[in-house]
Structure formats: C-alpha cells, structure tokens
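Coordinates from final_31.cif are shown below (mmCIF, C-alpha atoms and all ligand atoms).
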data_target
#
loop_
_atom_site.label_atom_id
_atom_site.label_comp_id
_atom_site.auth_asym_id
_atom_site.auth_seq_id
_atom_site.Cartn_x
_atom_site.Cartn_y
_atom_site.Cartn_z
CA MET A 1 -17.93 6.44 -25.91
CA HIS A 2 -19.20 9.56 -24.20
CA LEU A 3 -16.35 11.12 -22.24
CA CYS A 4 -18.47 11.47 -19.13
CA HIS A 5 -19.31 7.78 -19.34
CA THR A 6 -15.66 6.87 -19.84
CA VAL A 7 -14.65 8.77 -16.74
CA ARG A 8 -17.53 7.29 -14.79
CA THR A 9 -16.59 3.79 -15.88
CA MET A 10 -13.00 4.45 -14.83
CA ASN A 11 -14.09 5.74 -11.45
CA THR A 12 -16.48 2.87 -10.85
CA LEU A 13 -13.79 0.42 -11.84
CA ASN A 14 -11.28 2.05 -9.56
CA ARG A 15 -13.69 2.34 -6.69
CA ARG A 16 -15.09 -1.13 -6.93
CA SER A 17 -12.28 -3.31 -8.19
CA PHE A 18 -9.44 -1.04 -7.03
CA LEU A 19 -6.12 -1.14 -8.74
CA ALA A 20 -7.54 -2.95 -11.74
CA VAL A 21 -5.10 -2.90 -14.61
CA SER A 22 -5.27 -3.73 -18.28
CA SER A 23 -6.34 -7.26 -19.03
CA THR A 24 -3.24 -7.62 -21.20
CA GLY A 25 -0.92 -9.56 -18.93
CA LEU A 26 2.79 -9.06 -19.47
CA LEU A 27 3.43 -12.77 -19.17
CA THR A 28 1.16 -15.37 -20.69
CA LEU A 29 2.29 -18.09 -18.33
CA PRO A 30 -0.12 -20.04 -16.14
CA ALA A 31 -0.74 -18.67 -12.67
CA PHE A 32 2.24 -20.04 -10.82
CA SER A 33 4.81 -21.32 -13.23
CA MET A 34 7.60 -19.28 -11.50
CA PRO A 35 9.72 -19.46 -14.67
CA HIS A 36 13.02 -18.64 -12.96
CA LEU A 37 12.60 -21.77 -10.86
CA LEU A 38 12.00 -23.87 -13.95
CA GLY A 39 15.24 -22.75 -15.52
CA GLN A 40 13.45 -20.35 -17.85
CA PRO A 41 14.82 -16.93 -16.88
CA LEU A 42 12.41 -14.05 -16.47
CA LYS A 43 13.16 -11.03 -18.63
CA ASP A 44 13.86 -8.97 -15.55
CA PRO A 45 14.07 -11.43 -12.68
CA GLY A 46 14.90 -8.88 -9.96
CA THR A 47 15.85 -11.71 -7.63
CA ALA A 48 19.46 -10.70 -6.85
CA GLY A 49 18.35 -9.59 -3.40
CA ASP A 50 17.86 -13.23 -2.40
CA ASN A 51 21.68 -13.43 -2.19
CA HIS A 52 22.18 -10.27 -0.16
CA ARG A 53 23.38 -10.56 3.45
CA GLY A 54 23.63 -7.98 6.24
CA PRO A 55 21.72 -4.82 7.24
CA CYS A 56 19.05 -3.81 4.80
CA VAL A 57 15.93 -1.67 4.44
CA ILE A 58 13.24 -2.52 1.87
CA ALA A 59 10.13 -0.50 0.95
CA SER A 60 7.49 -0.11 -1.72
CA GLY A 61 8.42 1.82 -4.88
CA ASN A 62 7.38 5.17 -3.36
CA GLY A 63 9.79 4.61 -0.46
CA LEU A 64 13.24 5.57 -1.72
CA ALA A 65 13.45 8.50 0.72
CA ALA A 66 12.22 6.22 3.51
CA THR A 67 14.83 3.50 2.89
CA ASP A 68 17.56 6.13 2.79
CA LYS A 69 16.46 7.74 6.04
CA ALA A 70 15.87 4.43 7.86
CA MET A 71 19.27 3.02 6.86
CA SER A 72 21.10 6.16 7.97
CA LEU A 73 19.37 5.92 11.37
CA ILE A 74 20.07 2.17 11.68
CA ASN A 75 23.73 2.93 10.93
CA LYS A 76 23.70 5.40 13.82
CA GLY A 77 22.47 2.62 16.12
CA MET A 78 18.76 3.46 16.22
CA ASP A 79 16.32 0.61 16.86
CA PRO A 80 14.96 -0.53 13.46
CA VAL A 81 11.37 0.10 14.57
CA ASP A 82 12.09 3.79 15.21
CA ALA A 83 14.17 3.96 12.03
CA VAL A 84 11.49 2.57 9.69
CA VAL A 85 8.78 4.78 11.25
CA ALA A 86 11.01 7.84 10.81
CA GLY A 87 11.53 6.73 7.19
CA VAL A 88 7.85 6.40 6.29
CA SER A 89 7.00 9.61 8.15
CA LEU A 90 8.82 11.48 5.36
CA VAL A 91 6.32 10.05 2.88
CA GLU A 92 3.38 10.72 5.21
CA ASP A 93 4.42 14.37 5.36
CA ASP A 94 4.70 14.66 1.58
CA PRO A 95 1.48 16.18 0.14
CA ASN A 96 2.46 14.97 -3.33
CA ASP A 97 2.05 11.32 -2.35
CA MET A 98 -1.74 11.09 -2.54
CA SER A 99 -1.91 7.59 -1.11
CA VAL A 100 -0.27 8.15 2.28
CA GLY A 101 -0.71 10.59 5.18
CA PHE A 102 -1.12 14.34 4.53
CA GLY A 103 -2.58 14.89 1.05
CA GLY A 104 -3.97 11.36 0.84
CA LEU A 105 -7.20 10.90 -1.13
CA PRO A 106 -10.29 10.98 1.11
CA ASN A 107 -13.21 8.61 1.62
CA GLU A 108 -16.52 9.06 -0.20
CA ARG A 109 -17.53 11.84 2.23
CA GLY A 110 -14.33 13.79 1.59
CA VAL A 111 -12.70 12.82 4.89
CA VAL A 112 -9.13 11.50 4.95
CA GLN A 113 -8.93 8.36 7.10
CA LEU A 114 -5.51 6.81 7.68
CA ASP A 115 -4.52 3.22 8.53
CA SER A 116 -1.16 2.01 9.85
CA SER A 117 0.51 -0.84 11.68
CA VAL A 118 4.02 -1.41 12.99
CA MET A 119 5.82 -4.39 14.52
CA HIS A 120 9.03 -4.72 16.52
CA GLY A 121 10.95 -7.97 16.05
CA PRO A 122 12.86 -8.25 19.37
CA THR A 123 9.74 -7.81 21.57
CA HIS A 124 7.22 -9.23 19.05
CA LYS A 125 4.99 -6.27 19.95
CA ALA A 126 2.69 -4.60 17.44
CA GLY A 127 0.72 -1.37 17.31
CA ALA A 128 -1.93 -0.22 14.85
CA VAL A 129 -4.50 2.48 14.13
CA GLY A 130 -7.45 2.33 11.73
CA ALA A 131 -9.67 5.06 10.25
CA LEU A 132 -7.62 7.76 12.00
CA GLU A 133 -8.81 11.31 11.21
CA ASP A 134 -7.10 14.74 11.45
CA ILE A 135 -3.63 13.43 12.34
CA ARG A 136 -0.76 13.54 9.86
CA SER A 137 1.37 10.56 10.90
CA ALA A 138 -0.59 7.36 11.41
CA ALA A 139 2.68 5.40 11.66
CA ARG A 140 3.91 7.46 14.61
CA VAL A 141 0.55 7.01 16.37
CA ALA A 142 0.70 3.24 15.70
CA LEU A 143 4.20 3.23 17.23
CA ASP A 144 2.81 4.94 20.33
CA VAL A 145 0.12 2.25 20.59
CA LEU A 146 2.94 -0.32 20.45
CA LYS A 147 5.15 1.42 23.00
CA LYS A 148 2.72 3.05 25.40
CA THR A 149 -0.28 0.70 25.66
CA ASP A 150 -1.00 -2.93 26.32
CA HIS A 151 -3.20 -3.00 23.18
CA VAL A 152 -2.43 -3.68 19.55
CA MET A 153 -5.10 -1.74 17.66
CA ILE A 154 -7.11 1.45 18.26
CA VAL A 155 -9.57 2.73 15.65
CA GLY A 156 -11.75 5.70 14.70
CA GLN A 157 -12.54 8.33 17.34
CA GLY A 158 -10.58 6.36 19.93
CA ALA A 159 -7.45 6.50 17.76
CA ARG A 160 -7.89 10.27 17.27
CA ASP A 161 -8.40 10.84 21.01
CA PHE A 162 -5.37 8.67 21.77
CA ALA A 163 -3.21 10.63 19.32
CA LEU A 164 -4.35 14.00 20.77
CA ALA A 165 -3.55 12.73 24.27
CA GLN A 166 -0.05 11.88 23.06
CA GLY A 167 0.42 15.46 21.88
CA PHE A 168 -0.21 15.06 18.13
CA GLU A 169 -1.61 18.26 16.60
CA PRO A 170 -4.97 17.97 14.81
CA GLN A 171 -5.02 19.42 11.31
CA ASN A 172 -7.06 19.48 8.12
CA MET A 173 -5.67 16.56 6.14
CA LEU A 174 -7.49 17.31 2.88
CA THR A 175 -5.18 19.26 0.57
CA ASP A 176 -6.66 21.34 -2.25
CA LYS A 177 -5.38 18.84 -4.81
CA ALA A 178 -7.02 15.89 -3.01
CA ARG A 179 -10.26 17.88 -2.53
CA GLN A 180 -10.41 18.66 -6.25
CA ALA A 181 -9.84 15.00 -7.11
CA TRP A 182 -12.65 14.03 -4.72
CA LEU A 183 -15.02 16.64 -6.23
CA ARG A 184 -14.16 15.33 -9.69
CA TRP A 185 -14.99 11.80 -8.55
CA LYS A 186 -18.32 12.98 -7.10
CA ALA A 187 -19.17 14.93 -10.24
CA ASN A 188 -18.83 11.81 -12.33
CA LEU A 189 -20.76 9.45 -10.09
CA SER A 190 -24.19 9.74 -11.66
CA PRO A 191 -25.78 11.78 -14.48
CA ASN A 192 -28.95 12.18 -12.39
CA ASP A 193 -27.64 13.59 -9.12
CA ASP A 194 -27.19 17.24 -8.15
CA TRP A 195 -23.48 17.36 -8.89
CA LEU A 196 -22.75 18.76 -12.37
CA ASP A 197 -19.84 17.28 -14.24
CA ASP A 198 -17.80 19.28 -16.77
CA ILE A 199 -20.03 18.30 -19.70
CA GLN A 200 -23.18 19.44 -17.88
CA ARG A 201 -21.81 22.73 -16.52
CA ASP A 202 -22.95 26.00 -18.16
CA ILE A 203 -20.12 27.95 -16.57
CA LYS A 204 -16.75 26.29 -16.72
CA ASP A 205 -14.67 26.19 -13.59
CA PRO A 206 -11.07 27.03 -14.49
CA ALA A 207 -9.89 24.90 -11.56
CA GLY A 208 -12.10 22.05 -12.76
CA ASP A 209 -9.83 20.89 -15.52
CA LEU A 210 -11.03 17.55 -16.91
CA SER A 211 -7.43 16.43 -17.34
CA LEU A 212 -7.38 16.14 -13.57
CA ALA A 213 -9.31 12.92 -13.90
CA SER A 214 -6.44 11.35 -15.76
CA THR A 215 -3.54 13.10 -14.05
CA ILE A 216 -4.58 12.38 -10.47
CA PRO A 217 -3.95 8.77 -9.71
CA PHE A 218 -6.77 6.72 -8.27
CA THR A 219 -4.56 5.65 -5.43
CA TRP A 220 -1.94 3.17 -6.06
CA GLY A 221 -0.12 3.75 -2.94
CA THR A 222 0.62 2.88 0.62
CA ILE A 223 4.12 2.52 1.92
CA ASN A 224 5.51 -0.58 3.59
CA CYS A 225 9.04 -0.46 4.98
CA SER A 226 10.98 -3.22 6.76
CA GLY A 227 14.43 -2.85 8.31
CA LEU A 228 17.19 -5.13 9.59
CA ASP A 229 20.15 -3.97 11.68
CA SER A 230 23.59 -5.53 12.10
CA ASN A 231 22.40 -7.42 15.23
CA GLY A 232 19.78 -9.27 13.17
CA ASN A 233 16.89 -7.30 14.66
CA LEU A 234 13.90 -6.60 12.44
CA ALA A 235 10.95 -4.23 12.25
CA SER A 236 8.21 -3.43 9.75
CA VAL A 237 5.68 -0.64 9.24
CA THR A 238 2.88 0.02 6.75
CA THR A 239 0.94 3.27 6.44
CA THR A 240 -1.73 4.48 4.01
CA SER A 241 -4.76 6.66 3.34
CA GLY A 242 -6.24 3.45 1.93
CA LEU A 243 -8.59 2.96 -0.96
CA SER A 244 -9.61 6.30 -2.44
CA TYR A 245 -13.30 7.25 -2.02
CA LYS A 246 -13.88 4.23 0.21
CA ILE A 247 -16.98 3.74 2.34
CA PRO A 248 -16.32 5.69 5.58
CA GLY A 249 -14.83 3.38 8.17
CA ARG A 250 -13.51 0.91 5.60
CA VAL A 251 -10.22 -0.47 6.85
CA GLY A 252 -7.82 -2.23 4.49
CA ASP A 253 -4.92 -4.57 5.11
CA SER A 254 -2.40 -1.90 6.14
CA PRO A 255 -3.36 -1.74 9.85
CA ILE A 256 -4.00 -5.48 10.13
CA VAL A 257 -1.05 -7.25 11.73
CA GLY A 258 -0.31 -10.33 9.61
CA ALA A 259 -1.93 -8.81 6.50
CA GLY A 260 -0.38 -5.39 5.70
CA MET A 261 2.83 -6.20 7.55
CA PHE A 262 4.30 -8.79 9.90
CA CYS A 263 7.62 -9.39 11.55
CA ASP A 264 9.12 -12.43 13.33
CA ASN A 265 12.59 -11.72 14.67
CA ASP A 266 13.65 -15.37 14.19
CA ILE A 267 12.64 -15.46 10.53
CA GLY A 268 11.99 -12.18 8.72
CA ALA A 269 9.62 -9.32 7.97
CA ALA A 270 7.10 -8.78 5.19
CA GLY A 271 4.58 -6.24 3.97
CA ALA A 272 1.93 -5.68 1.33
CA THR A 273 0.46 -2.97 -0.88
CA GLY A 274 -2.41 -3.15 -3.35
CA ARG A 275 -5.93 -4.55 -2.99
CA GLY A 276 -6.18 -4.84 0.77
CA GLU A 277 -9.25 -7.08 0.74
CA ALA A 278 -7.32 -9.81 -1.11
CA VAL A 279 -4.35 -9.45 1.25
CA ILE A 280 -6.55 -9.72 4.36
CA GLN A 281 -8.38 -12.78 3.00
CA ASN A 282 -5.05 -14.56 2.56
CA CYS A 283 -3.12 -13.33 5.63
CA GLY A 284 -0.59 -11.85 3.19
CA ALA A 285 2.42 -10.69 5.23
CA PHE A 286 2.18 -13.51 7.78
CA SER A 287 2.09 -16.06 4.96
CA VAL A 288 5.20 -14.58 3.32
CA VAL A 289 7.10 -14.93 6.61
CA GLN A 290 5.84 -18.50 7.04
CA HIS A 291 7.07 -19.40 3.55
CA MET A 292 10.51 -18.00 4.43
CA ALA A 293 10.44 -20.12 7.61
CA SER A 294 9.88 -23.20 5.49
CA GLY A 295 12.95 -22.45 3.35
CA LYS A 296 11.73 -20.32 0.45
CA SER A 297 13.81 -17.32 -0.58
CA PRO A 298 12.16 -13.91 -0.05
CA THR A 299 11.21 -13.67 -3.74
CA GLU A 300 9.85 -17.21 -3.83
CA ALA A 301 7.88 -16.56 -0.63
CA CYS A 302 6.23 -13.48 -2.17
CA LEU A 303 5.40 -15.36 -5.38
CA ALA A 304 3.95 -18.29 -3.42
CA VAL A 305 1.54 -15.99 -1.56
CA LEU A 306 0.56 -14.18 -4.77
CA LYS A 307 -0.19 -17.57 -6.31
CA ARG A 308 -2.45 -18.35 -3.38
CA ILE A 309 -4.25 -15.02 -3.68
CA ALA A 310 -4.75 -15.65 -7.41
CA SER A 311 -6.10 -19.15 -6.87
CA ARG A 312 -8.50 -17.96 -4.13
CA THR A 313 -9.89 -15.07 -6.20
CA ARG A 314 -13.24 -16.47 -7.24
CA GLN A 315 -15.48 -13.48 -7.82
CA LYS A 316 -15.95 -13.00 -11.58
CA ARG A 317 -15.76 -9.19 -11.38
CA LEU A 318 -12.23 -9.53 -9.98
CA LEU A 319 -10.99 -11.77 -12.82
CA ASN A 320 -10.03 -10.88 -16.38
CA ALA A 321 -10.89 -12.90 -19.49
CA ARG A 322 -7.96 -15.22 -18.78
CA GLY A 323 -9.19 -15.95 -15.28
CA GLN A 324 -6.38 -13.91 -13.70
CA PRO A 325 -6.94 -11.34 -10.92
CA ASN A 326 -7.58 -7.96 -12.56
CA PHE A 327 -6.16 -6.10 -9.54
CA ASN A 328 -2.66 -5.72 -8.24
CA VAL A 329 -1.04 -6.80 -5.01
CA MET A 330 2.64 -6.36 -4.27
CA LEU A 331 4.52 -8.16 -1.50
CA TYR A 332 7.91 -7.29 0.03
CA ALA A 333 10.10 -9.59 2.14
CA LEU A 334 13.26 -9.23 4.22
CA ARG A 335 14.85 -12.31 5.79
CA LYS A 336 16.76 -12.28 9.07
CA ASP A 337 20.09 -12.74 7.28
CA GLY A 338 19.52 -9.75 4.98
CA ALA A 339 18.20 -11.56 1.90
CA PHE A 340 15.36 -9.52 0.36
CA GLY A 341 12.84 -9.78 -2.44
CA ALA A 342 9.47 -8.62 -3.71
CA ALA A 343 6.90 -9.67 -6.29
CA ALA A 344 3.82 -8.20 -7.96
CA MET A 345 0.63 -9.87 -9.07
CA ARG A 346 0.68 -8.00 -12.37
CA GLY A 347 3.02 -5.95 -14.52
CA LYS A 348 6.32 -4.29 -13.99
CA ARG A 349 6.55 -2.79 -10.50
CA THR A 350 9.45 -1.40 -8.55
CA PHE A 351 10.50 -1.53 -4.91
CA ALA A 352 13.09 0.47 -2.97
CA VAL A 353 16.08 -1.08 -1.21
CA HIS A 354 19.00 0.26 0.78
CA ASP A 355 21.36 -2.70 0.95
CA GLY A 356 23.90 -0.96 3.19
CA LYS A 357 25.83 0.40 0.21
CA GLN A 358 23.33 1.63 -2.32
CA ASN A 359 19.82 3.03 -2.20
CA THR A 360 18.06 2.05 -5.43
CA LEU A 361 14.83 0.93 -7.05
CA HIS A 362 14.61 -2.72 -8.14
CA THR A 363 12.12 -4.29 -10.53
CA ALA A 364 10.06 -7.09 -9.05
CA PRO A 365 9.09 -10.31 -10.84
CA SER A 366 5.36 -10.75 -11.39
CA LEU A 367 2.93 -13.64 -11.73
CA TYR A 368 1.26 -12.08 -14.79
N1 LIG A 401 -3.48 -1.85 0.67
C1 LIG A 401 -4.11 -0.57 0.78
C2 LIG A 401 -5.54 -0.75 1.19
O1 LIG A 401 -6.18 -1.68 0.72
C3 LIG A 401 -4.10 0.25 -0.46
C4 LIG A 401 -2.83 0.31 -1.25
O2 LIG A 401 -1.88 -0.40 -0.99
O3 LIG A 401 -2.74 1.13 -2.18
O4 LIG A 401 -6.05 0.06 1.94
#

With the file now loaded, output its structure as structure tokens.
Amino acid sequence: MHLCHTVRTMNTLNRRSFLAVSSTGLLTLPAFSMPHLLGQPLKDPGTAGDNHRGPCVIASGNGLAATDKAMSLINKGMDPVDAVVAGVSLVEDDPNDMSVGFGGLPNERGVVQLDSSVMHGPTHKAGAVGALEDIRSAARVALDVLKKTDHVMIVGQGARDFALAQGFEPQNMLTDKARQAWLRWKANLSPNDDWLDDIQRDIKDPAGDLSLASTIPFTWGTINCSGLDSNGNLASVTTTSGLSYKIPGRVGDSPIVGAGMFCDNDIGAAGATGRGEAVIQNCGAFSVVQHMASGKSPTEACLAVLKRIASRTRQKRLLNARGQPNFNVMLYALRKDGAFGAAAMRGKRTFAVHDGKQNTLHTAPSLY
C-alpha cells in the first residue's frame, strides 16, 4: 500500500473512530463473561484493589505523578478536591503529555481546546469548562467555577473570559511538537488539496520527518484522578485536550459531570478516558458509581458499564469483525471505604494508584 495512503488511512481512522485498536482481541470471550466472577481467573486480574481500605488516590495510567502529589497533599490535611486538582495540574503543565493541557494536540484548525470537570464529595458541587482556549490549566479553572460561581459549566469564550478574570495568564498552548503533528495530519488529509505531503514535496523539510506520523501518538490521553481522605471524603477531576484534530467546539466526556467523572460522597467516585462519545451516551462515570451503590466492587462496576457500552455500540464502523467495539474506553472507580478498581474495553491498560503506602501502576482487566 502506498505509504501516503497508509498514513491517511491511519489518520482517518484515528480521527473518525478515535482510539481504534487492532481487531485482534486479547480475550476471545463473549462480551461480558467476566471470567474472574465465573471462577475462571483472568491472566492478570488486577482486582486486588477491591480489597483495599483507607485513603487512596487513583488515576489513569499517565497519572503516577498526580497520584503521588495528591496523596502527599491529602496526608497533609488538604481537601481531596484541591489535592486531586494539584495532582493533575502537574500533567497539564507537562508539554510531553500531548493529550492534556499545555502541549496537547489541537483541533482541526490548529487551536488547542481544553475540557475539564471536577466534583467535591462533601458539598456535591461540580465545576466544568469546555473548549477552553489559551489557558494552561483547565482543571484549575473548573475548580474556580465550582468554588466561585453558582454554575456548573462554562464553555468557549465565556470560559476564557472567566479564567482571565480569575487571574489566569493567557498563553500560546500549541507547542512546536504539537504544531508539527497537526501539520503532518493536514498534509495527509487529501492528495488533491494545497498541502503537500512528504511524498509530493520537491524540497524536503528536515523538520518534516515522516517518522513523526508514527512516533507522535494520535491522542490516547486525558487524565482522571479521584481521591479519598481518612475522613471518607471524596473528590474527582478529569482534564484533557480531547480528541486530536476534532471539529472546533467538539466537547467530549471529560467536562460532562456524570460522564467523564462523578463523585457521590456516600458511595464513591469514578472517571473515564477513551472515546468520549461512547462514555457520554452511557453516562459512564455516574453509572459506575450507581453500580457500586448496588453492591458491585469497583472493578465489577467498571466492567458492568463497559459491557453496557459494548452492547449499545450499534454503528458498524465502530465494531470489528467480531462485533466488538473497535475503540477503547477505560473506567476508574474508588469506593468510599477505599476499595478501588479499573477496567478497559480492550487490551492491556494500566492505571495509577497511591494506596497510602505505595504509588504504583496496576494492570486493569479488560472485556476484550
Ligand atoms: N475522553 C476524551 C475525549 O473524548 C479523550 C481521551 O480520553 O483520550 O475527549
């Protein structure tokens, strides 16, 4: 296959179906057999967290620094909502994480638009921002919406104006690395437009290395982080630059309370990463918390919601030859007593946990 076509196919796939992975599932079990529950142990069950009790911080696999920071602040007596936001802010500030905050991949016009939501268990208050431009820390702005307004969600220009009024400094959010990845994506969109790809160029651009297309990830990102202190108080936050090269103004699950994260101080907290559209359509984080309320362990609750997402995925382009979702979603759960768990739709995925003693990555069970 022509290289240019291969790259274009990859980009189209990543843009349209987002997070699509190989059709070769790791497990060949039917959608929701939950083998560990049927007495057939998973190779790497990753369910030990269901037995944990006490203070805990859980995050997506890119959140090891965030869990460490949040737990150290919780140990010093900080409110979990401030602790988890301080934790994810480290990742937002990191230009090497191209799925969150500064350095995140832009929308199709080359503009970085951030989404975030945060929820505080004790007050049951939430704050969120969507399509926020020019501001580095969407999570901190979402926390200001929670603390300083009577609203839950502010989007677009209003979110930017709100952040500036709070004293956030505007800045160019598009790093050189992200800009090059965006230009590469544009160059491979169509053979008939005015953008020359590497094959068509007469003069090679030394910065335009084709390997960029394979080395720069087409966003698998977002960070969710939930925390529990020794008083049983919970909080959760999710922050992202969202789907790379999205239609301007597209908002995913991350800033949607009940989808990208949710927290109920009587029950637990949950969050999601992956294909936001699927998470929104199934009220992902809220559903995980509801399953914990009805007695499921955190891991079981995540698997139950993934099963629902799988069974409600009916568009052919989102299904592989086996009828399984060809995209990924990962869910994270933290119960009020400190039990924690996570699960992925597909493949071997990790999540970060500080259990009060250790800060480590765990492998999550998956449906496929
Ligand atoms: N859930 C995010 C979104 O759809 C993306 C991600 O988690 O990578 O915007």

Fewer than 2 positions away in the same chain doesn't count, so skip those; otherwise give me all residues within 6 Å of stretch 293-299 of chain A, counting all atoms listed in the file, as a list in words.
->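 Everything that qualifies: Ile267, Gln290, His291, Ala301, Cys302, Ala333, Phe340, Gly341 and Ala342 of chain A.
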
Counting only C-alpha atoms and all ligand atoms, figure out which residue out of A:Lys246, A:Arg312, A:His354, A:Lys336 gets nearest to ligand LIG 401 (chain A).
-> A:Lys246

All residues within 7 Å of ligand LIG 401 (chain A) are required, counting only C-alpha atoms and all ligand atoms; please report them as a compact mmCIF listing (two decimals) with C-alpha atoms, in the frame of the given file.
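Saved to result_22.txt:
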# COMPACT_ATOMS: atom_id res chain seq x y z
CA SER A 99 -1.91 7.59 -1.11
CA THR A 219 -4.56 5.65 -5.43
CA TRP A 220 -1.94 3.17 -6.06
CA GLY A 221 -0.12 3.75 -2.94
CA THR A 222 0.62 2.88 0.62
CA THR A 240 -1.73 4.48 4.01
CA SER A 241 -4.76 6.66 3.34
CA GLY A 242 -6.24 3.45 1.93
CA LEU A 243 -8.59 2.96 -0.96
CA VAL A 251 -10.22 -0.47 6.85
CA GLY A 252 -7.82 -2.23 4.49
CA ASP A 253 -4.92 -4.57 5.11
CA SER A 254 -2.40 -1.90 6.14
CA GLY A 260 -0.38 -5.39 5.70
CA ALA A 272 1.93 -5.68 1.33
CA THR A 273 0.46 -2.97 -0.88
CA GLY A 274 -2.41 -3.15 -3.35
CA ARG A 275 -5.93 -4.55 -2.99
CA GLY A 276 -6.18 -4.84 0.77
CA GLU A 277 -9.25 -7.08 0.74

So that I can check the surroundings of A:Ser72, please list as a tab-separated table (two decimals) with C-alpha atoms, keeping the file's coordinate frame every protein, DNA and RNA residue that reaches within 12 Å of it, counting only C-alpha atoms and ignoring chain neighbours fewer than 6 positions away.
chain	number	residue	atom	x	y	z
A	55	PRO	CA	21.72	-4.82	7.24
A	56	CYS	CA	19.05	-3.81	4.80
A	57	VAL	CA	15.93	-1.67	4.44
A	65	ALA	CA	13.45	8.50	0.72
A	66	ALA	CA	12.22	6.22	3.51
A	78	MET	CA	18.76	3.46	16.22
A	79	ASP	CA	16.32	0.61	16.86
A	80	PRO	CA	14.96	-0.53	13.46
A	82	ASP	CA	12.09	3.79	15.21
A	83	ALA	CA	14.17	3.96	12.03
A	84	VAL	CA	11.49	2.57	9.69
A	86	ALA	CA	11.01	7.84	10.81
A	87	GLY	CA	11.53	6.73	7.19
A	227	GLY	CA	14.43	-2.85	8.31
A	229	ASP	CA	20.15	-3.97	11.68
A	354	HIS	CA	19.00	0.26	0.78
A	355	ASP	CA	21.36	-2.70	0.95
A	356	GLY	CA	23.90	-0.96	3.19
A	357	LYS	CA	25.83	0.40	0.21
A	358	GLN	CA	23.33	1.63	-2.32
A	359	ASN	CA	19.82	3.03	-2.20

Show which residues sit within 12 Å of A:Gly63, as number ranges by chain. Count all atoms listed in the file, and ignore same-chain residues fewer than 6 positions away.
-> A: 57, 69-70, 84-92, 94, 97, 100, 221-226, 237-239, 350-354, 359-362

Could you work out how far atom CA of A:Leu105 lies from atom CA of A:Ser244, giving the answer in Å with one decimal?
->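 Interatomic distance here is 5.4 Å.
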
Point out the residue among A:Asp93, A:Leu306, A:Asp266, A:Asp176 with the least atom-to-atom distance to A:Gln281, counting all atoms listed in the file.
-> A:Leu306

Protein and nucleic acid residues near (4.8, 0.2, 19.5) (cut-off 12 Å, only C-alpha atoms) as an NGL selection string = :A and (79-82 or 85 or 116-129 or 139-153 or 235-237)

Selected residues written out, C-alpha atoms, as a compact mmCIF listing (two decimals), keeping the file's coordinate frame:
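Saved to again-v2.txt:
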# COMPACT_ATOMS: atom_id res chain seq x y z
CA ASP A 79 16.32 0.61 16.86
CA PRO A 80 14.96 -0.53 13.46
CA VAL A 81 11.37 0.10 14.57
CA ASP A 82 12.09 3.79 15.21
CA VAL A 85 8.78 4.78 11.25
CA SER A 116 -1.16 2.01 9.85
CA SER A 117 0.51 -0.84 11.68
CA VAL A 118 4.02 -1.41 12.99
CA MET A 119 5.82 -4.39 14.52
CA HIS A 120 9.03 -4.72 16.52
CA GLY A 121 10.95 -7.97 16.05
CA PRO A 122 12.86 -8.25 19.37
CA THR A 123 9.74 -7.81 21.57
CA HIS A 124 7.22 -9.23 19.05
CA LYS A 125 4.99 -6.27 19.95
CA ALA A 126 2.69 -4.60 17.44
CA GLY A 127 0.72 -1.37 17.31
CA ALA A 128 -1.93 -0.22 14.85
CA VAL A 129 -4.50 2.48 14.13
CA ALA A 139 2.68 5.40 11.66
CA ARG A 140 3.91 7.46 14.61
CA VAL A 141 0.55 7.01 16.37
CA ALA A 142 0.70 3.24 15.70
CA LEU A 143 4.20 3.23 17.23
CA ASP A 144 2.81 4.94 20.33
CA VAL A 145 0.12 2.25 20.59
CA LEU A 146 2.94 -0.32 20.45
CA LYS A 147 5.15 1.42 23.00
CA LYS A 148 2.72 3.05 25.40
CA THR A 149 -0.28 0.70 25.66
CA ASP A 150 -1.00 -2.93 26.32
CA HIS A 151 -3.20 -3.00 23.18
CA VAL A 152 -2.43 -3.68 19.55
CA MET A 153 -5.10 -1.74 17.66
CA ALA A 235 10.95 -4.23 12.25
CA SER A 236 8.21 -3.43 9.75
CA VAL A 237 5.68 -0.64 9.24

At what distance in Å, to one decimal, does atom CA of A:Glu108 lie from atom CA of A:Phe162?
->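 Answer for the atom CA of A:Phe162 to atom CA of A:Glu108 separation: 24.6 Å.
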
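The residue that comes closest to A:Met71, out of A:Val155, A:Met330, A:Ala344, A:Leu228 and on the basis of all atoms listed in the file, is A:Leu228.
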
At what distance in Å, to one decimal, does atom CA of A:Asn107 lie from atom CA of A:Trp185?
-> 10.8 Å

Return the single residue from A:Ala159, A:Val279, A:Ala187, A:Pro170 that is closest to A:Ile135, with distances computed using all atoms listed in the file.
-> A:Pro170
